[in-house]
>>> print(open('structure.txt').read())   # compact mmCIF, C-alpha atoms and all ligand atoms
# COMPACT_ATOMS: atom_id res chain seq x y z
CA MET E 1 0.00 0.00 0.00
CA ILE E 2 1.29 3.49 -0.82
CA PRO E 3 0.27 5.44 2.31
CA HIS E 4 -1.37 8.86 2.04
CA SER E 5 1.34 10.48 4.16
CA LYS E 6 4.65 9.31 5.49
CA VAL E 7 7.07 10.72 8.03
CA VAL E 8 10.58 11.37 6.71
CA LEU E 9 13.13 10.59 9.41
CA GLU E 10 16.76 10.15 8.49
CA GLU E 11 19.90 9.19 10.42
CA GLU E 12 20.81 12.78 11.22
CA ASP E 13 17.35 13.42 12.69
CA LEU E 14 17.77 10.41 14.95
CA ALA E 15 21.27 11.57 15.93
CA GLY E 16 19.84 14.94 17.05
CA VAL E 17 17.28 13.19 19.25
CA ILE E 18 19.86 10.82 20.73
CA GLY E 19 22.06 13.83 21.49
CA VAL E 20 19.21 15.37 23.50
CA LEU E 21 18.47 12.11 25.31
CA ARG E 22 22.16 11.73 26.24
CA SER E 23 22.30 15.32 27.49
CA GLY E 24 19.61 14.60 30.10
CA GLN E 25 17.86 17.91 29.28
CA LEU E 26 14.65 16.54 27.82
CA ALA E 27 12.17 19.33 28.55
CA GLN E 28 12.17 22.83 27.05
CA GLY E 29 15.75 24.04 26.95
CA ARG E 30 18.43 25.24 24.59
CA VAL E 31 17.26 23.17 21.58
CA VAL E 32 13.80 24.77 21.85
CA SER E 33 15.46 28.22 21.99
CA SER E 34 17.52 27.38 18.95
CA LEU E 35 14.40 26.23 17.07
CA GLU E 36 12.68 29.51 17.98
CA GLU E 37 15.55 31.52 16.52
CA LYS E 38 15.73 29.41 13.38
CA SER E 39 11.96 29.59 12.84
CA ALA E 40 11.88 33.38 13.21
CA SER E 41 14.75 33.70 10.76
CA LEU E 42 13.16 31.27 8.27
CA ILE E 43 9.83 33.12 8.22
CA GLY E 44 11.46 36.55 8.39
CA VAL E 45 9.98 37.89 11.63
CA ASN E 46 11.62 39.09 14.83
CA HIS E 47 10.26 36.69 17.46
CA ALA E 48 9.05 33.10 17.83
CA VAL E 49 7.71 31.08 20.77
CA ALA E 50 7.62 27.29 20.56
CA VAL E 51 4.55 25.52 21.93
CA SER E 52 3.18 21.99 22.16
CA SER E 53 0.92 22.06 19.07
CA GLY E 54 -0.58 24.22 16.36
CA SER E 55 -3.79 24.24 18.41
CA ALA E 56 -1.94 25.63 21.45
CA ALA E 57 -0.35 28.23 19.15
CA LEU E 58 -3.80 29.33 17.95
CA HIS E 59 -5.16 29.39 21.51
CA LEU E 60 -2.34 31.58 22.84
CA SER E 61 -2.46 33.84 19.77
CA LEU E 62 -6.15 34.55 20.40
CA LEU E 63 -5.52 35.18 24.11
CA SER E 64 -2.65 37.55 23.33
CA LEU E 65 -4.91 39.52 20.97
CA GLY E 66 -7.47 39.91 23.76
CA VAL E 67 -10.08 37.79 21.98
CA GLY E 68 -12.69 36.48 24.41
CA GLU E 69 -16.37 36.38 25.17
CA GLY E 70 -18.37 38.72 22.96
CA SER E 71 -15.71 38.72 20.21
CA GLU E 72 -16.15 37.20 16.78
CA VAL E 73 -13.34 35.47 14.92
CA ILE E 74 -13.55 34.89 11.18
CA MET E 75 -12.17 31.68 9.65
CA PRO E 76 -12.93 29.51 6.62
CA SER E 77 -15.49 26.74 6.86
CA TYR E 78 -13.16 24.55 4.80
CA VAL E 79 -10.57 23.75 7.46
CA CYS E 80 -10.03 21.30 10.34
CA THR E 81 -11.73 21.74 13.71
CA ALA E 82 -8.52 22.93 15.44
CA LEU E 83 -9.46 26.52 14.51
CA LEU E 84 -13.00 26.14 15.81
CA ASN E 85 -11.68 24.66 19.07
CA ALA E 86 -9.23 27.51 19.62
CA VAL E 87 -11.99 30.11 19.25
CA HIS E 88 -14.20 28.16 21.65
CA TYR E 89 -11.31 27.77 24.18
CA VAL E 90 -11.35 31.57 24.62
CA GLY E 91 -15.16 31.79 24.71
CA ALA E 92 -15.41 33.74 21.46
CA THR E 93 -17.81 33.16 18.54
CA PRO E 94 -16.57 31.60 15.30
CA VAL E 95 -17.81 33.20 12.08
CA LEU E 96 -17.28 31.19 8.94
CA ALA E 97 -16.46 32.41 5.44
CA ASP E 98 -16.78 30.54 2.15
CA ILE E 99 -13.73 29.84 -0.03
CA ASP E 100 -12.31 30.46 -3.47
CA PRO E 101 -13.01 27.48 -5.80
CA ASN E 102 -9.55 27.78 -7.39
CA THR E 103 -7.25 27.97 -4.36
CA TYR E 104 -9.52 26.53 -1.59
CA ASN E 105 -8.64 29.56 0.56
CA ILE E 106 -10.84 32.30 2.01
CA THR E 107 -11.12 35.44 -0.10
CA ARG E 108 -11.30 39.12 0.79
CA GLU E 109 -14.78 39.27 -0.76
CA ASN E 110 -16.18 36.45 1.41
CA VAL E 111 -14.50 37.80 4.54
CA GLU E 112 -15.91 41.27 3.92
CA LYS E 113 -19.45 39.82 3.86
CA VAL E 114 -19.20 38.50 7.43
CA ILE E 115 -17.41 41.37 9.21
CA THR E 116 -19.44 42.93 12.04
CA ASP E 117 -18.60 45.43 14.77
CA LYS E 118 -17.77 42.44 17.01
CA THR E 119 -15.08 41.06 14.66
CA LYS E 120 -11.89 40.96 16.68
CA ALA E 121 -9.60 38.74 14.60
CA ILE E 122 -9.35 36.58 11.52
CA ILE E 123 -7.53 33.26 11.14
CA VAL E 124 -6.19 32.85 7.61
CA PRO E 125 -4.91 29.36 6.81
CA HIS E 126 -2.89 28.86 3.62
CA MET E 127 -4.60 25.64 2.66
CA PHE E 128 -2.60 22.65 1.49
CA GLY E 129 0.54 24.76 0.98
CA LEU E 130 -0.97 27.31 -1.44
CA PRO E 131 -1.02 30.81 0.10
CA ALA E 132 -4.27 32.76 0.43
CA ASP E 133 -4.57 36.28 -1.01
CA ILE E 134 -3.15 37.49 2.29
CA ASP E 135 -2.43 41.13 1.40
CA ALA E 136 -6.00 41.67 0.17
CA ILE E 137 -7.50 39.98 3.25
CA LEU E 138 -5.31 41.86 5.73
CA SER E 139 -6.05 45.16 3.98
CA LEU E 140 -9.55 44.90 5.54
CA GLY E 141 -7.82 45.99 8.74
CA ILE E 142 -8.78 43.06 11.03
CA PRO E 143 -5.94 41.70 13.21
CA GLY E 144 -4.80 38.60 11.33
CA ILE E 145 -3.49 35.26 12.55
CA GLU E 146 -1.78 33.60 9.62
CA ASP E 147 -2.13 29.84 9.96
CA CYS E 148 0.90 28.23 8.30
CA ALA E 149 0.21 24.70 9.59
CA HIS E 150 0.27 23.57 5.92
CA SER E 151 2.55 26.13 4.39
CA ILE E 152 5.98 26.36 6.05
CA GLY E 153 8.25 27.73 3.32
CA ALA E 154 5.57 28.95 0.89
CA THR E 155 5.92 32.52 -0.42
CA VAL E 156 3.84 35.39 -1.76
CA ASN E 157 5.74 37.80 -4.02
CA GLY E 158 8.93 36.19 -2.71
CA ARG E 159 8.02 36.86 0.93
CA LYS E 160 7.40 33.97 3.31
CA ALA E 161 3.87 33.06 4.35
CA GLY E 162 3.72 33.77 8.07
CA SER E 163 5.42 37.17 7.79
CA PHE E 164 2.27 39.08 6.83
CA GLY E 165 -0.09 38.63 9.79
CA LEU E 166 0.11 40.34 13.14
CA VAL E 167 0.74 36.82 14.47
CA SER E 168 1.35 33.57 12.65
CA ILE E 169 1.42 29.93 13.70
CA LEU E 170 3.10 26.70 12.60
CA SER E 171 2.31 23.06 13.40
CA PHE E 172 4.89 20.29 13.70
CA TYR E 173 2.37 17.44 13.81
CA ALA E 174 3.95 14.20 12.53
CA THR E 175 2.73 14.43 8.93
CA LYS E 176 3.20 18.19 8.46
CA MET E 177 5.98 19.84 6.39
CA LEU E 178 8.25 19.45 9.43
CA GLY E 179 7.05 16.70 11.75
CA ALA E 180 8.06 16.09 15.34
CA GLY E 181 5.05 14.04 16.38
CA GLU E 182 3.42 17.10 17.94
CA GLY E 183 4.53 20.72 18.24
CA GLY E 184 3.83 24.27 17.18
CA MET E 185 5.19 27.81 17.00
CA VAL E 186 3.83 31.34 17.31
CA LEU E 187 5.65 34.09 15.40
CA SER E 188 5.29 37.85 15.41
CA ASN E 189 7.15 41.13 15.06
CA ASP E 190 5.17 42.45 18.02
CA ARG E 191 7.29 42.06 21.15
CA GLY E 192 4.36 42.68 23.52
CA LEU E 193 2.26 39.91 22.00
CA ILE E 194 5.19 37.51 22.08
CA GLU E 195 5.94 38.32 25.72
CA SER E 196 2.35 37.61 26.71
CA ILE E 197 2.46 34.29 24.83
CA ARG E 198 5.76 33.35 26.52
CA ASP E 199 4.17 34.15 29.86
CA LEU E 200 1.07 32.01 29.18
CA ARG E 201 3.03 29.02 27.85
CA ALA E 202 4.38 27.86 31.23
CA TYR E 203 3.04 28.17 34.77
CA ASP E 204 5.81 27.37 37.19
CA GLU E 205 7.67 29.70 39.60
CA ARG E 206 5.69 32.91 39.10
CA GLU E 207 5.33 35.74 41.58
CA THR E 208 1.69 36.37 40.73
CA TYR E 209 -1.09 33.97 39.89
CA THR E 210 -3.10 34.09 36.70
CA VAL E 211 -4.36 31.17 34.61
CA ARG E 212 -1.43 29.87 32.61
CA TYR E 213 -0.86 26.68 30.61
CA ASN E 214 1.60 23.89 30.12
CA TYR E 215 2.02 24.32 26.38
CA LYS E 216 5.78 23.78 26.26
CA LEU E 217 7.61 21.92 23.50
CA THR E 218 10.33 19.48 24.59
CA ASP E 219 13.96 19.55 23.45
CA ILE E 220 13.40 16.02 22.12
CA GLN E 221 10.72 17.27 19.71
CA ALA E 222 12.65 20.44 18.90
CA ALA E 223 15.69 18.35 17.91
CA VAL E 224 13.65 16.61 15.20
CA VAL E 225 12.39 19.92 13.78
CA VAL E 226 15.82 21.61 13.95
CA SER E 227 17.28 18.72 11.98
CA GLN E 228 14.46 18.73 9.42
CA LEU E 229 14.64 22.52 8.99
CA ASN E 230 18.03 22.05 7.33
CA LYS E 231 16.27 19.97 4.69
CA LEU E 232 13.15 22.10 4.18
CA SER E 233 14.26 23.47 0.79
CA ALA E 234 15.07 19.96 -0.42
CA PHE E 235 11.69 18.71 0.89
CA ILE E 236 9.88 21.46 -0.99
CA GLU E 237 11.83 20.80 -4.20
CA LYS E 238 10.92 17.13 -3.98
CA ARG E 239 7.24 17.93 -3.39
CA LYS E 240 7.27 20.29 -6.38
CA GLU E 241 8.88 17.62 -8.59
CA ILE E 242 6.15 15.13 -7.68
CA ALA E 243 3.48 17.80 -8.23
CA ALA E 244 4.94 18.59 -11.68
CA LEU E 245 4.79 14.90 -12.56
CA TYR E 246 1.15 14.75 -11.40
CA ASN E 247 0.27 18.00 -13.23
CA HIS E 248 1.71 16.60 -16.43
CA GLY E 249 0.17 13.15 -16.05
CA LEU E 250 -3.28 14.35 -15.06
CA LYS E 251 -3.80 17.05 -17.64
CA ARG E 252 -5.36 14.54 -20.01
CA VAL E 253 -7.98 13.29 -17.55
CA GLY E 254 -10.97 15.19 -16.25
CA VAL E 255 -9.80 16.29 -12.81
CA ARG E 256 -9.75 19.87 -11.58
CA LEU E 257 -6.51 21.14 -10.09
CA PRO E 258 -5.93 24.27 -8.02
CA VAL E 259 -5.11 27.41 -9.96
CA VAL E 260 -1.88 28.86 -8.59
CA PRO E 261 -1.74 32.66 -8.98
CA GLU E 262 1.58 33.87 -10.37
CA GLU E 263 2.69 35.75 -7.26
CA ARG E 264 2.11 32.76 -4.96
CA GLU E 265 4.33 29.73 -4.48
CA HIS E 266 2.55 26.42 -3.85
CA ILE E 267 4.71 24.05 -1.80
CA TYR E 268 2.33 21.11 -2.19
CA TYR E 269 1.86 20.03 1.38
CA ARG E 270 -1.14 18.29 -0.17
CA TYR E 271 -1.88 17.50 -3.81
CA VAL E 272 -5.64 17.92 -4.06
CA ILE E 273 -7.69 16.98 -7.09
CA LEU E 274 -11.41 17.60 -7.59
CA LEU E 275 -13.53 14.96 -9.26
CA GLU E 276 -17.07 13.55 -9.36
CA ASN E 277 -17.91 10.68 -7.00
CA SER E 278 -14.82 11.05 -4.82
CA PRO E 279 -15.77 8.29 -2.28
CA GLU E 280 -16.00 5.72 -5.08
CA PHE E 281 -12.72 6.99 -6.58
CA MET E 282 -10.94 6.59 -3.21
CA LYS E 283 -12.28 3.02 -2.92
CA GLU E 284 -10.94 2.21 -6.38
CA MET E 285 -7.55 3.72 -5.52
CA ARG E 286 -7.42 1.63 -2.34
CA LYS E 287 -8.13 -1.51 -4.38
CA ARG E 288 -5.03 -0.59 -6.39
CA GLY E 289 -2.94 -0.21 -3.23
CA ILE E 290 -3.03 3.60 -2.98
CA GLU E 291 -4.39 5.40 0.07
CA CYS E 292 -6.14 8.70 -0.61
CA ARG E 293 -7.97 10.95 1.84
CA ARG E 294 -10.45 13.78 1.98
CA PRO E 295 -8.07 16.70 2.69
CA VAL E 296 -10.60 18.23 5.13
CA PHE E 297 -12.58 15.60 7.02
CA LYS E 298 -15.75 17.70 7.32
CA PRO E 299 -16.28 21.46 6.81
CA LEU E 300 -17.02 23.46 9.94
CA HIS E 301 -20.45 24.69 8.77
CA ARG E 302 -21.57 21.06 8.56
CA TYR E 303 -20.55 20.43 12.19
CA LEU E 304 -22.42 23.58 13.17
CA SER E 305 -25.41 22.84 10.87
CA LEU E 306 -25.11 26.22 9.14
CA PRO E 307 -26.45 26.71 5.61
CA GLY E 308 -24.87 28.84 2.90
CA TYR E 309 -21.35 27.68 2.02
CA PRO E 310 -21.84 26.44 -1.56
CA ILE E 311 -18.21 26.53 -2.70
CA THR E 312 -16.98 24.79 0.44
CA ASP E 313 -19.66 22.12 -0.08
CA GLU E 314 -18.68 21.59 -3.71
CA VAL E 315 -14.95 21.43 -2.99
CA TRP E 316 -15.46 19.14 0.02
CA GLU E 317 -17.62 16.72 -1.97
CA LYS E 318 -15.15 16.54 -4.85
CA ALA E 319 -11.74 16.89 -3.18
CA VAL E 320 -9.33 13.99 -2.90
CA SER E 321 -5.81 14.27 -1.54
CA ILE E 322 -3.39 11.88 -3.22
CA PRO E 323 -0.05 10.82 -1.68
CA ILE E 324 2.72 13.43 -1.82
CA TYR E 325 5.76 13.53 0.46
CA PRO E 326 9.52 13.80 0.00
CA SER E 327 10.13 10.05 0.23
CA LEU E 328 7.55 9.15 -2.46
CA THR E 329 9.51 7.62 -5.34
CA ALA E 330 9.07 8.52 -9.02
CA GLU E 331 7.95 4.94 -9.61
CA GLU E 332 5.23 5.28 -6.96
CA ALA E 333 4.16 8.64 -8.41
CA HIS E 334 3.85 7.08 -11.89
CA ARG E 335 1.85 4.21 -10.41
CA ILE E 336 -0.49 6.76 -8.86
CA VAL E 337 -0.99 8.63 -12.16
CA ASP E 338 -1.58 5.34 -14.01
CA ALA E 339 -4.16 4.27 -11.44
CA ILE E 340 -6.02 7.58 -11.73
CA MET E 341 -6.01 7.37 -15.52
CA ALA E 342 -7.28 3.77 -15.39
CA ILE E 343 -10.11 4.66 -13.00
CA LEU E 344 -11.21 7.79 -14.84
C1 LIG V 401 -4.83 24.59 9.08
C2 LIG V 401 -4.54 23.97 10.40
N1 LIG V 401 -4.32 24.77 11.46
C3 LIG V 401 -4.03 24.27 12.69
C4 LIG V 401 -3.93 22.92 12.91
C5 LIG V 401 -3.66 22.41 14.28
O1 LIG V 401 -2.41 21.87 14.42
P1 LIG V 401 -2.08 20.77 15.55
O2 LIG V 401 -2.58 19.45 15.03
O3 LIG V 401 -0.60 20.84 15.66
O4 LIG V 401 -2.77 21.18 16.80
C6 LIG V 401 -4.13 22.04 11.83
C7 LIG V 401 -4.02 20.59 12.05
O5 LIG V 401 -3.95 19.78 11.21
C8 LIG V 401 -4.45 22.58 10.55
O6 LIG V 401 -4.67 21.78 9.49
>>> encode(input="structure.txt", output="structure tokens", more="lines below")
Ligand SMILES: Cc1ncc(COP(=O)(O)O)c(C=O)c1O
Amino acid sequence: MIPHSKVVLEEEDLAGVIGVLRSGQLAQGRVVSSLEEKSASLIGVNHAVAVSSGSAALHLSLLSLGVGEGSEVIMPSYVCTALLNAVHYVGATPVLADIDPNTYNITRENVEKVITDKTKAIIVPHMFGLPADIDAILSLGIPGIEDCAHSIGATVNGRKAGSFGLVSILSFYATKMLGAGEGGMVLSNDRGLIESIRDLRAYDERETYTVRYNYKLTDIQAAVVVSQLNKLSAFIEKRKEIAALYNHGLKRVGVRLPVVPEEREHIYYRYVILLENSPEFMKEMRKRGIECRRPVFKPLHRYLSLPGYPITDEVWEKAVSIPIYPSLTAEEAHRIVDAIMAIL
């Protein structure tokens, strides 16, 4: 079976982890600090705070922006429930926006429709590694959290995704661009926001009491990400090569592919195709030894029983994510194209 996603762990990654284990400093320490510096420098912002997951990063970002009860937070419907959870953690109200059928991201137009005088923030994910129209969305003037869980290394006009928002977040979940099992990062140029996030991340040995969290990353996890960061460009190149092979192979069959605007760089965290009868297609692929997935399990408006997200519904019904990761071989990629051609 060709799995849908696969962790890439090489000898040098293991050596980094063994080094940490031998050092005896397992919890947050100098490797976490080093990862924070490297992440800030990669994205091109001044500060970064490592946390235990992308969800924790979203939670602390919302708290640092003063989002709470009575506030509304805009996000796409076509995204995982981590965003919905984070907004509920702080007692705020999620407000969903529909997406662009070509990039699967929220658009300025759809965001504008749902702004009210209670809107306090917007979470903008760059879905599947293809950046959203971030400048246009942020020009609406709402404090923006850029969600780069899928898009570490992607660029817009040559500038890294994650450097546009007031705050941005990363996820280091096992199957993400950089995978440490679990982990996350908050980034910002705003020192005040970053200091409040640093304060909330850990609870021990404080002069004054306020509710704080244990959202720390360990040096063990950080060692994996630090090691993989050195290979991020190579990972992205490999993903792009596979995507080019798929683009070429699939242009003769009737699948819809995302449209990548010229100024945006798609890093292909996921390769998503749209086709009729996607559940049947996935079954057929499985019969041929290829695991495919719905790239978003269920849109948020369906969990919340809200009507009125026609593009999200269409994309969700038709979208299939086919395997793409740096260790996928050319032979496997050809097998995948051949299977798609045979089924369609
Ligand atoms: C767009 C997006 N944001 C945030 C998260 C949450 O990340 P984590 O799983 O590290 O909590 C995910 C998780 O997959 C995600 O897809």
>>> axis_aligned_box(input="structure.txt", around="ligand LIG 401 (chain V)", padding_each_side="3 Å", output="JSON")
{"center_x": -2.7, "center_y": 22.1, "center_z": 12.9, "size_x": 10.2, "size_y": 11.3, "size_z": 13.7}
>>> atom_distance(input="structure.txt", atom1="atom CA of E:Pro125", atom2="atom CA of E:Leu170")
10.2 Å
>>> closest_residue(input="structure.txt", among="E:Val260, E:Leu63, E:Ala174, E:Leu58", to="E:Leu83", atoms="only C-alpha atoms")
E:Leu58
>>> residues_near_point(input="structure.txt", point="(-5.2, 29.0, 3.9)", cutoff="10 Å", atoms="all atoms listed in the file", output="VMD selection string")
chain E and resid 75 to 76 78 to 79 99 103 to 107 123 to 134 146 to 151 161
>>> closest_residue(input="structure.txt", among="E:Ala27, E:Val226, E:Val337, E:Leu306", to="E:Asp98", atoms="only C-alpha atoms")
E:Leu306
>>> residues_near_ligand(input="structure.txt", ligand="ligand LIG 401 (chain V)", cutoff="6 Å", atoms="only C-alpha atoms and all ligand atoms", output="PyMOL selection string")
chain E and resi 53-55+80+82+125+147+149+171-173+182-184
>>> atom_distance(input="structure.txt", atom1="atom CA of E:Ala244", atom2="atom CA of E:Glu331")
14.1 Å
